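Engineer: You'll find run.cif just under this line, and it carries mmCIF, N, CA, C and O atoms.
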data_target
loop_
_atom_site.label_atom_id
_atom_site.label_comp_id
_atom_site.auth_asym_id
_atom_site.auth_seq_id
_atom_site.Cartn_x
_atom_site.Cartn_y
_atom_site.Cartn_z
N MET A 15 51.10 -27.74 18.00
CA MET A 15 51.27 -26.85 16.90
C MET A 15 52.23 -25.73 17.32
O MET A 15 52.16 -25.22 18.43
N SER A 16 53.07 -25.38 16.42
CA SER A 16 54.04 -24.34 16.75
C SER A 16 53.40 -22.97 16.66
O SER A 16 52.34 -22.78 16.07
N GLU A 17 54.08 -22.02 17.25
CA GLU A 17 53.58 -20.66 17.26
C GLU A 17 53.52 -20.09 15.85
O GLU A 17 52.58 -19.36 15.50
N GLN A 18 54.47 -20.44 15.03
CA GLN A 18 54.50 -19.95 13.65
C GLN A 18 53.33 -20.55 12.86
O GLN A 18 52.67 -19.85 12.09
N ALA A 19 52.99 -21.79 13.05
CA ALA A 19 51.88 -22.43 12.36
C ALA A 19 50.56 -21.80 12.77
O ALA A 19 49.66 -21.59 11.93
N ILE A 20 50.44 -21.48 14.06
CA ILE A 20 49.21 -20.85 14.54
C ILE A 20 49.06 -19.47 13.93
O ILE A 20 47.98 -19.09 13.48
N SER A 21 50.13 -18.70 13.90
CA SER A 21 50.04 -17.35 13.33
C SER A 21 49.77 -17.40 11.84
O SER A 21 49.04 -16.56 11.30
N GLU A 22 50.31 -18.37 11.13
CA GLU A 22 50.02 -18.52 9.69
C GLU A 22 48.56 -18.90 9.47
O GLU A 22 47.91 -18.41 8.55
N GLN A 23 48.04 -19.78 10.32
CA GLN A 23 46.64 -20.18 10.21
C GLN A 23 45.72 -18.99 10.48
O GLN A 23 44.75 -18.77 9.76
N LEU A 24 46.03 -18.19 11.49
CA LEU A 24 45.22 -17.00 11.79
C LEU A 24 45.29 -16.00 10.65
O LEU A 24 44.28 -15.39 10.29
N ALA A 25 46.46 -15.83 10.07
CA ALA A 25 46.62 -14.89 8.96
C ALA A 25 45.82 -15.35 7.75
O ALA A 25 45.17 -14.54 7.07
N SER A 26 45.83 -16.64 7.46
CA SER A 26 45.08 -17.15 6.31
C SER A 26 43.57 -17.06 6.56
O SER A 26 42.80 -16.79 5.64
N GLU A 27 43.12 -17.25 7.81
CA GLU A 27 41.71 -17.10 8.13
C GLU A 27 41.26 -15.65 7.97
O GLU A 27 40.18 -15.37 7.46
N ASN A 28 42.08 -14.72 8.41
CA ASN A 28 41.76 -13.30 8.28
C ASN A 28 41.70 -12.88 6.81
O ASN A 28 40.88 -12.05 6.43
N GLU A 29 42.56 -13.42 5.98
CA GLU A 29 42.56 -13.10 4.56
C GLU A 29 41.34 -13.68 3.86
O GLU A 29 40.78 -13.08 2.95
N SER A 30 40.91 -14.87 4.30
CA SER A 30 39.78 -15.52 3.65
C SER A 30 38.45 -14.91 4.06
O SER A 30 37.46 -15.01 3.33
N LYS A 31 38.40 -14.27 5.22
CA LYS A 31 37.15 -13.63 5.67
C LYS A 31 36.95 -12.35 4.88
O LYS A 31 37.86 -11.55 4.73
N SER A 32 35.73 -12.17 4.40
CA SER A 32 35.44 -10.92 3.71
C SER A 32 34.99 -9.89 4.73
O SER A 32 34.70 -10.21 5.88
N GLY A 33 34.87 -8.64 4.29
CA GLY A 33 34.42 -7.58 5.18
C GLY A 33 32.98 -7.81 5.59
O GLY A 33 32.29 -8.70 5.10
N TRP A 34 32.49 -6.97 6.46
CA TRP A 34 31.12 -7.14 6.95
C TRP A 34 30.10 -6.82 5.88
O TRP A 34 28.94 -7.20 5.97
N LEU A 35 30.52 -6.11 4.82
CA LEU A 35 29.61 -5.76 3.74
C LEU A 35 30.12 -6.37 2.44
O LEU A 35 30.97 -5.81 1.77
N SER A 36 29.59 -7.52 2.12
CA SER A 36 30.00 -8.17 0.88
C SER A 36 29.02 -7.79 -0.23
O SER A 36 27.98 -7.17 0.00
N ILE A 37 29.35 -8.18 -1.43
CA ILE A 37 28.49 -7.89 -2.59
C ILE A 37 27.13 -8.56 -2.42
O ILE A 37 26.09 -7.96 -2.71
N ASP A 38 27.12 -9.78 -1.93
CA ASP A 38 25.85 -10.50 -1.73
C ASP A 38 24.96 -9.76 -0.74
O ASP A 38 23.75 -9.61 -0.97
N LYS A 39 25.54 -9.30 0.35
CA LYS A 39 24.76 -8.58 1.35
C LYS A 39 24.27 -7.25 0.80
O LYS A 39 23.15 -6.83 1.08
N LEU A 40 25.12 -6.60 0.00
CA LEU A 40 24.74 -5.33 -0.60
C LEU A 40 23.56 -5.51 -1.56
O LEU A 40 22.63 -4.70 -1.57
N VAL A 41 23.56 -6.58 -2.33
CA VAL A 41 22.46 -6.87 -3.25
C VAL A 41 21.17 -7.11 -2.47
O VAL A 41 20.10 -6.61 -2.84
N VAL A 42 21.25 -7.83 -1.37
CA VAL A 42 20.07 -8.09 -0.54
C VAL A 42 19.53 -6.79 0.05
O VAL A 42 18.32 -6.54 0.05
N ILE A 43 20.43 -5.93 0.53
CA ILE A 43 20.00 -4.66 1.12
C ILE A 43 19.34 -3.78 0.08
O ILE A 43 18.28 -3.19 0.32
N ILE A 44 19.94 -3.68 -1.11
CA ILE A 44 19.36 -2.86 -2.18
C ILE A 44 18.01 -3.42 -2.62
O ILE A 44 17.06 -2.68 -2.83
N THR A 45 17.91 -4.73 -2.74
CA THR A 45 16.65 -5.35 -3.13
C THR A 45 15.56 -5.10 -2.09
O THR A 45 14.42 -4.75 -2.43
N ALA A 46 15.90 -5.25 -0.82
CA ALA A 46 14.92 -5.02 0.24
C ALA A 46 14.48 -3.56 0.26
O ALA A 46 13.28 -3.27 0.38
N ALA A 47 15.42 -2.64 0.13
CA ALA A 47 15.08 -1.21 0.15
C ALA A 47 14.21 -0.84 -1.04
O ALA A 47 13.22 -0.11 -0.89
N SER A 48 14.55 -1.34 -2.22
CA SER A 48 13.74 -1.00 -3.40
C SER A 48 12.36 -1.64 -3.31
O SER A 48 11.36 -1.04 -3.71
N THR A 49 12.26 -2.84 -2.75
CA THR A 49 10.96 -3.47 -2.57
C THR A 49 10.09 -2.67 -1.62
O THR A 49 8.91 -2.42 -1.90
N LEU A 50 10.67 -2.21 -0.52
CA LEU A 50 9.91 -1.40 0.43
C LEU A 50 9.48 -0.07 -0.20
O LEU A 50 8.35 0.38 0.00
N TYR A 51 10.36 0.53 -0.98
CA TYR A 51 10.02 1.79 -1.65
C TYR A 51 8.84 1.59 -2.60
O TYR A 51 7.88 2.37 -2.59
N PHE A 52 8.91 0.56 -3.44
CA PHE A 52 7.84 0.33 -4.40
C PHE A 52 6.53 -0.06 -3.72
O PHE A 52 5.45 0.33 -4.16
N MET A 53 6.61 -0.80 -2.62
CA MET A 53 5.40 -1.13 -1.87
C MET A 53 4.76 0.13 -1.30
O MET A 53 3.55 0.30 -1.37
N HIS A 54 5.57 1.01 -0.76
CA HIS A 54 5.05 2.26 -0.19
C HIS A 54 4.46 3.15 -1.28
O HIS A 54 3.37 3.72 -1.10
N ALA A 55 5.14 3.25 -2.41
CA ALA A 55 4.64 4.07 -3.51
C ALA A 55 3.32 3.52 -4.04
O ALA A 55 2.38 4.28 -4.31
N GLU A 56 3.21 2.22 -4.15
CA GLU A 56 1.97 1.60 -4.62
C GLU A 56 0.85 1.81 -3.61
O GLU A 56 -0.30 2.04 -3.98
N HIS A 57 1.16 1.72 -2.34
CA HIS A 57 0.17 1.94 -1.29
C HIS A 57 -0.37 3.36 -1.36
O HIS A 57 -1.59 3.58 -1.26
N ARG A 58 0.52 4.33 -1.53
CA ARG A 58 0.08 5.73 -1.63
C ARG A 58 -0.81 5.93 -2.85
O ARG A 58 -1.82 6.64 -2.79
N GLU A 59 -0.46 5.33 -3.98
CA GLU A 59 -1.27 5.45 -5.19
C GLU A 59 -2.65 4.81 -4.97
O GLU A 59 -3.67 5.37 -5.39
N ASN A 60 -2.68 3.66 -4.32
CA ASN A 60 -3.97 3.02 -4.03
C ASN A 60 -4.83 3.88 -3.11
O ASN A 60 -6.05 3.98 -3.31
N MET A 61 -4.21 4.49 -2.11
CA MET A 61 -4.96 5.36 -1.20
C MET A 61 -5.52 6.58 -1.95
O MET A 61 -6.66 6.99 -1.71
N ASN A 62 -4.74 7.13 -2.87
CA ASN A 62 -5.24 8.25 -3.68
C ASN A 62 -6.41 7.81 -4.56
O ASN A 62 -7.39 8.55 -4.71
N ASN A 63 -6.32 6.63 -5.15
CA ASN A 63 -7.42 6.11 -5.98
C ASN A 63 -8.68 5.89 -5.15
O ASN A 63 -9.78 6.19 -5.60
N ILE A 64 -8.52 5.38 -3.95
CA ILE A 64 -9.67 5.16 -3.07
C ILE A 64 -10.32 6.50 -2.72
O ILE A 64 -11.55 6.62 -2.73
N GLN A 65 -9.49 7.50 -2.44
CA GLN A 65 -10.03 8.81 -2.10
C GLN A 65 -10.78 9.42 -3.28
O GLN A 65 -11.88 9.96 -3.10
N ARG A 66 -10.23 9.31 -4.47
CA ARG A 66 -10.92 9.85 -5.66
C ARG A 66 -12.23 9.10 -5.92
O ARG A 66 -13.25 9.71 -6.25
N THR A 67 -12.22 7.78 -5.76
CA THR A 67 -13.43 6.99 -5.96
C THR A 67 -14.50 7.37 -4.95
O THR A 67 -15.68 7.50 -5.29
N THR A 68 -14.10 7.57 -3.70
CA THR A 68 -15.04 7.98 -2.66
C THR A 68 -15.66 9.33 -2.99
O THR A 68 -16.87 9.53 -2.82
N GLN A 69 -14.84 10.26 -3.46
CA GLN A 69 -15.36 11.58 -3.82
C GLN A 69 -16.37 11.49 -4.96
O GLN A 69 -17.40 12.16 -4.93
N VAL A 70 -16.08 10.66 -5.96
CA VAL A 70 -17.00 10.49 -7.08
C VAL A 70 -18.32 9.88 -6.61
O VAL A 70 -19.41 10.33 -6.99
N LEU A 71 -18.23 8.86 -5.75
CA LEU A 71 -19.45 8.23 -5.24
C LEU A 71 -20.28 9.21 -4.42
O LEU A 71 -21.51 9.23 -4.54
N GLN A 72 -19.63 10.02 -3.60
CA GLN A 72 -20.37 11.01 -2.82
C GLN A 72 -21.04 12.03 -3.72
O GLN A 72 -22.18 12.44 -3.47
N LYS A 73 -20.36 12.42 -4.77
CA LYS A 73 -20.93 13.38 -5.73
C LYS A 73 -22.19 12.79 -6.37
O LYS A 73 -23.24 13.45 -6.44
N TYR A 74 -22.11 11.54 -6.82
CA TYR A 74 -23.26 10.92 -7.47
C TYR A 74 -24.39 10.64 -6.48
O TYR A 74 -25.56 10.70 -6.85
N GLU A 75 -24.06 10.34 -5.23
CA GLU A 75 -25.10 10.18 -4.22
C GLU A 75 -25.86 11.49 -4.00
O GLU A 75 -27.09 11.49 -3.91
N ARG A 76 -25.12 12.60 -3.96
CA ARG A 76 -25.78 13.90 -3.80
C ARG A 76 -26.66 14.21 -5.01
O ARG A 76 -27.79 14.69 -4.86
N GLN A 77 -26.14 13.91 -6.21
CA GLN A 77 -26.94 14.16 -7.41
C GLN A 77 -28.19 13.30 -7.44
O GLN A 77 -29.28 13.76 -7.83
N LEU A 78 -28.06 12.05 -7.03
CA LEU A 78 -29.22 11.15 -6.99
C LEU A 78 -30.24 11.64 -5.97
O LEU A 78 -31.44 11.66 -6.25
N ASP A 79 -29.76 12.05 -4.80
CA ASP A 79 -30.67 12.59 -3.78
C ASP A 79 -31.42 13.82 -4.29
O ASP A 79 -32.62 13.97 -4.06
N LEU A 80 -30.70 14.70 -4.99
CA LEU A 80 -31.35 15.90 -5.54
C LEU A 80 -32.38 15.53 -6.61
O LEU A 80 -33.48 16.09 -6.65
N ALA A 81 -32.02 14.56 -7.45
CA ALA A 81 -32.94 14.15 -8.52
C ALA A 81 -34.20 13.51 -7.93
O ALA A 81 -35.31 13.75 -8.40
N ILE A 82 -34.02 12.69 -6.91
CA ILE A 82 -35.16 12.02 -6.29
C ILE A 82 -36.05 13.04 -5.59
O ILE A 82 -37.28 13.01 -5.70
N SER A 83 -35.44 13.96 -4.86
CA SER A 83 -36.25 14.94 -4.12
C SER A 83 -36.91 15.96 -5.04
O SER A 83 -37.94 16.55 -4.67
N ALA A 84 -36.38 16.17 -6.23
CA ALA A 84 -36.95 17.15 -7.16
C ALA A 84 -38.21 16.63 -7.85
O ALA A 84 -39.08 17.41 -8.23
N ASP A 85 -38.34 15.32 -7.98
CA ASP A 85 -39.49 14.73 -8.68
C ASP A 85 -40.39 14.05 -7.65
O ASP A 85 -39.99 13.09 -7.00
N LYS A 86 -41.60 14.57 -7.49
CA LYS A 86 -42.53 14.08 -6.46
C LYS A 86 -42.88 12.60 -6.68
O LYS A 86 -42.91 11.83 -5.72
N ASN A 87 -43.11 12.18 -7.93
CA ASN A 87 -43.47 10.79 -8.19
C ASN A 87 -42.32 9.84 -7.86
O ASN A 87 -42.53 8.78 -7.26
N VAL A 88 -41.13 10.23 -8.24
CA VAL A 88 -39.96 9.38 -7.95
C VAL A 88 -39.72 9.32 -6.45
O VAL A 88 -39.41 8.26 -5.89
N LEU A 89 -39.90 10.46 -5.76
CA LEU A 89 -39.72 10.49 -4.31
C LEU A 89 -40.72 9.57 -3.62
O LEU A 89 -40.35 8.81 -2.72
N ASP A 90 -41.97 9.61 -4.04
CA ASP A 90 -42.99 8.72 -3.45
C ASP A 90 -42.64 7.26 -3.69
O ASP A 90 -42.75 6.43 -2.78
N THR A 91 -42.23 6.93 -4.91
CA THR A 91 -41.85 5.55 -5.23
C THR A 91 -40.64 5.13 -4.39
O THR A 91 -40.60 4.01 -3.85
N TYR A 92 -39.68 6.01 -4.26
CA TYR A 92 -38.47 5.72 -3.49
C TYR A 92 -38.82 5.48 -2.02
O TYR A 92 -38.35 4.50 -1.41
N GLN A 93 -39.66 6.33 -1.44
CA GLN A 93 -40.04 6.15 -0.04
C GLN A 93 -40.86 4.88 0.15
O GLN A 93 -40.70 4.17 1.15
N THR A 94 -41.72 4.56 -0.81
CA THR A 94 -42.50 3.31 -0.74
C THR A 94 -41.58 2.10 -0.78
O THR A 94 -41.76 1.13 -0.03
N ASN A 95 -40.57 2.14 -1.66
CA ASN A 95 -39.62 1.04 -1.75
C ASN A 95 -38.82 0.89 -0.46
O ASN A 95 -38.56 -0.23 -0.01
N LEU A 96 -38.44 2.01 0.13
CA LEU A 96 -37.69 1.94 1.39
C LEU A 96 -38.56 1.31 2.49
O LEU A 96 -38.07 0.52 3.29
N LYS A 97 -39.83 1.70 2.54
CA LYS A 97 -40.72 1.14 3.56
C LYS A 97 -40.91 -0.35 3.33
O LYS A 97 -41.00 -1.11 4.30
N SER A 98 -41.00 -0.76 2.07
CA SER A 98 -41.25 -2.18 1.79
C SER A 98 -40.07 -3.07 2.18
O SER A 98 -40.25 -4.24 2.50
N ILE A 99 -38.89 -2.51 2.17
CA ILE A 99 -37.73 -3.34 2.57
C ILE A 99 -37.32 -3.08 4.00
O ILE A 99 -36.38 -3.68 4.51
N GLY A 100 -38.05 -2.19 4.69
CA GLY A 100 -37.85 -2.00 6.13
C GLY A 100 -36.81 -0.98 6.51
O GLY A 100 -36.33 -1.00 7.63
N PHE A 101 -36.45 -0.06 5.63
CA PHE A 101 -35.47 0.96 5.97
C PHE A 101 -36.09 2.28 6.39
O PHE A 101 -35.39 3.17 6.82
N ALA A 102 -37.38 2.43 6.23
CA ALA A 102 -37.98 3.72 6.61
C ALA A 102 -39.23 3.47 7.45
O ALA A 102 -39.87 2.49 7.43
#
So, in terms of C-alpha cells, how does the structure I just supplied come out?

Structural biologist:
Amino acid sequence: MSEQAISEQLASENESKSGWLSIDKLVVIITAASTLYFMHAEHRENMNNIQRTTQVLQKYERQLDLAISADKNVLDTYQTNLKSIGFA
C-alpha cells in the first residue's frame, strides 16, 4: 500500500469515529443519573413514612398502656392474659 493510500485510510477512519461523548452515551448517562436521583428521592420518602408510622405506633402504645393501667379490671385481665401466654 502506498503512503498516500495509508494516509487517506487513516483520515477516513478519523472522520468516521465520533467523539468520546456521543448522543447515545449522553442519553445513557442522563437516564442513569435520573434513575439514581428518583431512587434516592423515593428512598428518602419511604424513610420519612417509616419514621412517621413508628411515631404514631409509639403514641398509641403509650395511650394503650395508660388506658390499661388506669382501669384496674382491664389491668388484671391484661396481666392474666400475659401470664397465660407466658410473657409475665

Engineer: Please report the interatomic distance between CA of Asn63 in chain A and CA of Ala81 in chain A in Å with one decimal.

Structural biologist: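 Those two atoms sit 26.9 Å apart.
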
Engineer: Please measure the separation of atom N of Arg66 in chain A and atom C of Phe101 in chain A, giving the value in Å to one decimal.

Structural biologist: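 Pair atom N of Arg66 in chain A / atom C of Phe101 in chain A returns 28.9 Å.
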
Engineer: Suppose you want the space between atom C of Ala55 in chain A and atom N of Leu71 in chain A; what is it in Å?

Structural biologist: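 So the two atoms, atom C of Ala55 in chain A and atom N of Leu71 in chain A, lie 22.3 Å apart.
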
Engineer: Rebuild range 74-85 of chain A to all heavy atoms - output it as a PDB file, in the coordinates of the input, please.

Structural biologist:
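The new file out.pdb reads:
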ATOM      1  N   TYR A  74     -22.110  11.540  -6.820  1.00  0.00           N
ATOM      2  CA  TYR A  74     -23.260  10.920  -7.470  1.00  0.00           C
ATOM      3  C   TYR A  74     -24.390  10.640  -6.480  1.00  0.00           C
ATOM      4  O   TYR A  74     -25.560  10.700  -6.850  1.00  0.00           O
ATOM      5  CB  TYR A  74     -22.855   9.658  -8.223  1.00  0.00           C
ATOM      6  CG  TYR A  74     -22.098   9.985  -9.484  1.00  0.00           C
ATOM      7  CD1 TYR A  74     -20.845   9.454  -9.728  1.00  0.00           C
ATOM      8  CD2 TYR A  74     -22.626  10.851 -10.433  1.00  0.00           C
ATOM      9  CE1 TYR A  74     -20.143   9.777 -10.878  1.00  0.00           C
ATOM     10  CE2 TYR A  74     -21.939  11.180 -11.583  1.00  0.00           C
ATOM     11  CZ  TYR A  74     -20.695  10.641 -11.802  1.00  0.00           C
ATOM     12  OH  TYR A  74     -20.008  10.967 -12.934  1.00  0.00           O
ATOM     13  N   GLU A  75     -24.060  10.340  -5.230  1.00  0.00           N
ATOM     14  CA  GLU A  75     -25.100  10.180  -4.220  1.00  0.00           C
ATOM     15  C   GLU A  75     -25.860  11.490  -4.000  1.00  0.00           C
ATOM     16  O   GLU A  75     -27.090  11.490  -3.910  1.00  0.00           O
ATOM     17  CB  GLU A  75     -24.506   9.702  -2.897  1.00  0.00           C
ATOM     18  CG  GLU A  75     -24.116   8.239  -2.887  1.00  0.00           C
ATOM     19  CD  GLU A  75     -23.450   7.832  -1.582  1.00  0.00           C
ATOM     20  OE1 GLU A  75     -23.114   8.709  -0.764  1.00  0.00           O
ATOM     21  OE2 GLU A  75     -23.268   6.629  -1.397  1.00  0.00           O
ATOM     22  N   ARG A  76     -25.120  12.600  -3.960  1.00  0.00           N
ATOM     23  CA  ARG A  76     -25.780  13.900  -3.800  1.00  0.00           C
ATOM     24  C   ARG A  76     -26.660  14.210  -5.010  1.00  0.00           C
ATOM     25  O   ARG A  76     -27.790  14.690  -4.860  1.00  0.00           O
ATOM     26  CB  ARG A  76     -24.736  15.010  -3.620  1.00  0.00           C
ATOM     27  CG  ARG A  76     -24.109  15.029  -2.238  1.00  0.00           C
ATOM     28  CD  ARG A  76     -23.282  16.276  -2.005  1.00  0.00           C
ATOM     29  NE  ARG A  76     -22.197  16.437  -2.959  1.00  0.00           N
ATOM     30  CZ  ARG A  76     -20.959  15.972  -2.816  1.00  0.00           C
ATOM     31  NH1 ARG A  76     -20.663  15.291  -1.733  1.00  0.00           N
ATOM     32  NH2 ARG A  76     -20.046  16.180  -3.730  1.00  0.00           N
ATOM     33  N   GLN A  77     -26.140  13.910  -6.210  1.00  0.00           N
ATOM     34  CA  GLN A  77     -26.940  14.160  -7.410  1.00  0.00           C
ATOM     35  C   GLN A  77     -28.190  13.300  -7.440  1.00  0.00           C
ATOM     36  O   GLN A  77     -29.280  13.760  -7.830  1.00  0.00           O
ATOM     37  CB  GLN A  77     -26.104  13.919  -8.672  1.00  0.00           C
ATOM     38  CG  GLN A  77     -25.045  14.967  -8.916  1.00  0.00           C
ATOM     39  CD  GLN A  77     -24.211  14.669 -10.146  1.00  0.00           C
ATOM     40  OE1 GLN A  77     -24.200  13.559 -10.659  1.00  0.00           O
ATOM     41  NE2 GLN A  77     -23.483  15.676 -10.610  1.00  0.00           N
ATOM     42  N   LEU A  78     -28.060  12.050  -7.030  1.00  0.00           N
ATOM     43  CA  LEU A  78     -29.220  11.150  -6.990  1.00  0.00           C
ATOM     44  C   LEU A  78     -30.240  11.640  -5.970  1.00  0.00           C
ATOM     45  O   LEU A  78     -31.440  11.660  -6.250  1.00  0.00           O
ATOM     46  CB  LEU A  78     -28.770   9.732  -6.675  1.00  0.00           C
ATOM     47  CG  LEU A  78     -29.861   8.661  -6.597  1.00  0.00           C
ATOM     48  CD1 LEU A  78     -30.566   8.529  -7.939  1.00  0.00           C
ATOM     49  CD2 LEU A  78     -29.267   7.340  -6.168  1.00  0.00           C
ATOM     50  N   ASP A  79     -29.760  12.050  -4.800  1.00  0.00           N
ATOM     51  CA  ASP A  79     -30.670  12.590  -3.780  1.00  0.00           C
ATOM     52  C   ASP A  79     -31.420  13.820  -4.290  1.00  0.00           C
ATOM     53  O   ASP A  79     -32.620  13.970  -4.060  1.00  0.00           O
ATOM     54  CB  ASP A  79     -29.907  12.925  -2.500  1.00  0.00           C
ATOM     55  CG  ASP A  79     -29.439  11.684  -1.750  1.00  0.00           C
ATOM     56  OD1 ASP A  79     -29.979  10.588  -2.027  1.00  0.00           O
ATOM     57  OD2 ASP A  79     -28.535  11.809  -0.900  1.00  0.00           O
ATOM     58  N   LEU A  80     -30.700  14.700  -4.990  1.00  0.00           N
ATOM     59  CA  LEU A  80     -31.350  15.900  -5.540  1.00  0.00           C
ATOM     60  C   LEU A  80     -32.380  15.530  -6.610  1.00  0.00           C
ATOM     61  O   LEU A  80     -33.480  16.090  -6.650  1.00  0.00           O
ATOM     62  CB  LEU A  80     -30.302  16.843  -6.138  1.00  0.00           C
ATOM     63  CG  LEU A  80     -29.456  17.620  -5.140  1.00  0.00           C
ATOM     64  CD1 LEU A  80     -28.336  18.381  -5.864  1.00  0.00           C
ATOM     65  CD2 LEU A  80     -30.311  18.589  -4.347  1.00  0.00           C
ATOM     66  N   ALA A  81     -32.020  14.560  -7.450  1.00  0.00           N
ATOM     67  CA  ALA A  81     -32.940  14.150  -8.520  1.00  0.00           C
ATOM     68  C   ALA A  81     -34.200  13.510  -7.930  1.00  0.00           C
ATOM     69  O   ALA A  81     -35.310  13.750  -8.400  1.00  0.00           O
ATOM     70  CB  ALA A  81     -32.250  13.188  -9.476  1.00  0.00           C
ATOM     71  N   ILE A  82     -34.020  12.690  -6.910  1.00  0.00           N
ATOM     72  CA  ILE A  82     -35.160  12.020  -6.290  1.00  0.00           C
ATOM     73  C   ILE A  82     -36.050  13.040  -5.590  1.00  0.00           C
ATOM     74  O   ILE A  82     -37.280  13.010  -5.700  1.00  0.00           O
ATOM     75  CB  ILE A  82     -34.685  10.922  -5.309  1.00  0.00           C
ATOM     76  CG1 ILE A  82     -34.095   9.749  -6.086  1.00  0.00           C
ATOM     77  CG2 ILE A  82     -35.815  10.438  -4.431  1.00  0.00           C
ATOM     78  CD1 ILE A  82     -33.447   8.703  -5.222  1.00  0.00           C
ATOM     79  N   SER A  83     -35.440  13.960  -4.860  1.00  0.00           N
ATOM     80  CA  SER A  83     -36.250  14.940  -4.120  1.00  0.00           C
ATOM     81  C   SER A  83     -36.910  15.960  -5.040  1.00  0.00           C
ATOM     82  O   SER A  83     -37.940  16.550  -4.670  1.00  0.00           O
ATOM     83  CB  SER A  83     -35.390  15.642  -3.075  1.00  0.00           C
ATOM     84  OG  SER A  83     -34.375  16.397  -3.699  1.00  0.00           O
ATOM     85  N   ALA A  84     -36.380  16.170  -6.230  1.00  0.00           N
ATOM     86  CA  ALA A  84     -36.950  17.150  -7.160  1.00  0.00           C
ATOM     87  C   ALA A  84     -38.210  16.630  -7.850  1.00  0.00           C
ATOM     88  O   ALA A  84     -39.080  17.410  -8.230  1.00  0.00           O
ATOM     89  CB  ALA A  84     -35.921  17.543  -8.208  1.00  0.00           C
ATOM     90  N   ASP A  85     -38.340  15.320  -7.980  1.00  0.00           N
ATOM     91  CA  ASP A  85     -39.490  14.730  -8.680  1.00  0.00           C
ATOM     92  C   ASP A  85     -40.390  14.050  -7.650  1.00  0.00           C
ATOM     93  O   ASP A  85     -39.990  13.090  -7.000  1.00  0.00           O
ATOM     94  CB  ASP A  85     -38.987  13.723  -9.716  1.00  0.00           C
ATOM     95  CG  ASP A  85     -40.096  13.203 -10.608  1.00  0.00           C
ATOM     96  OD1 ASP A  85     -41.277  13.480 -10.330  1.00  0.00           O
ATOM     97  OD2 ASP A  85     -39.758  12.524 -11.597  1.00  0.00           O
TER      98      ASP A  85
END
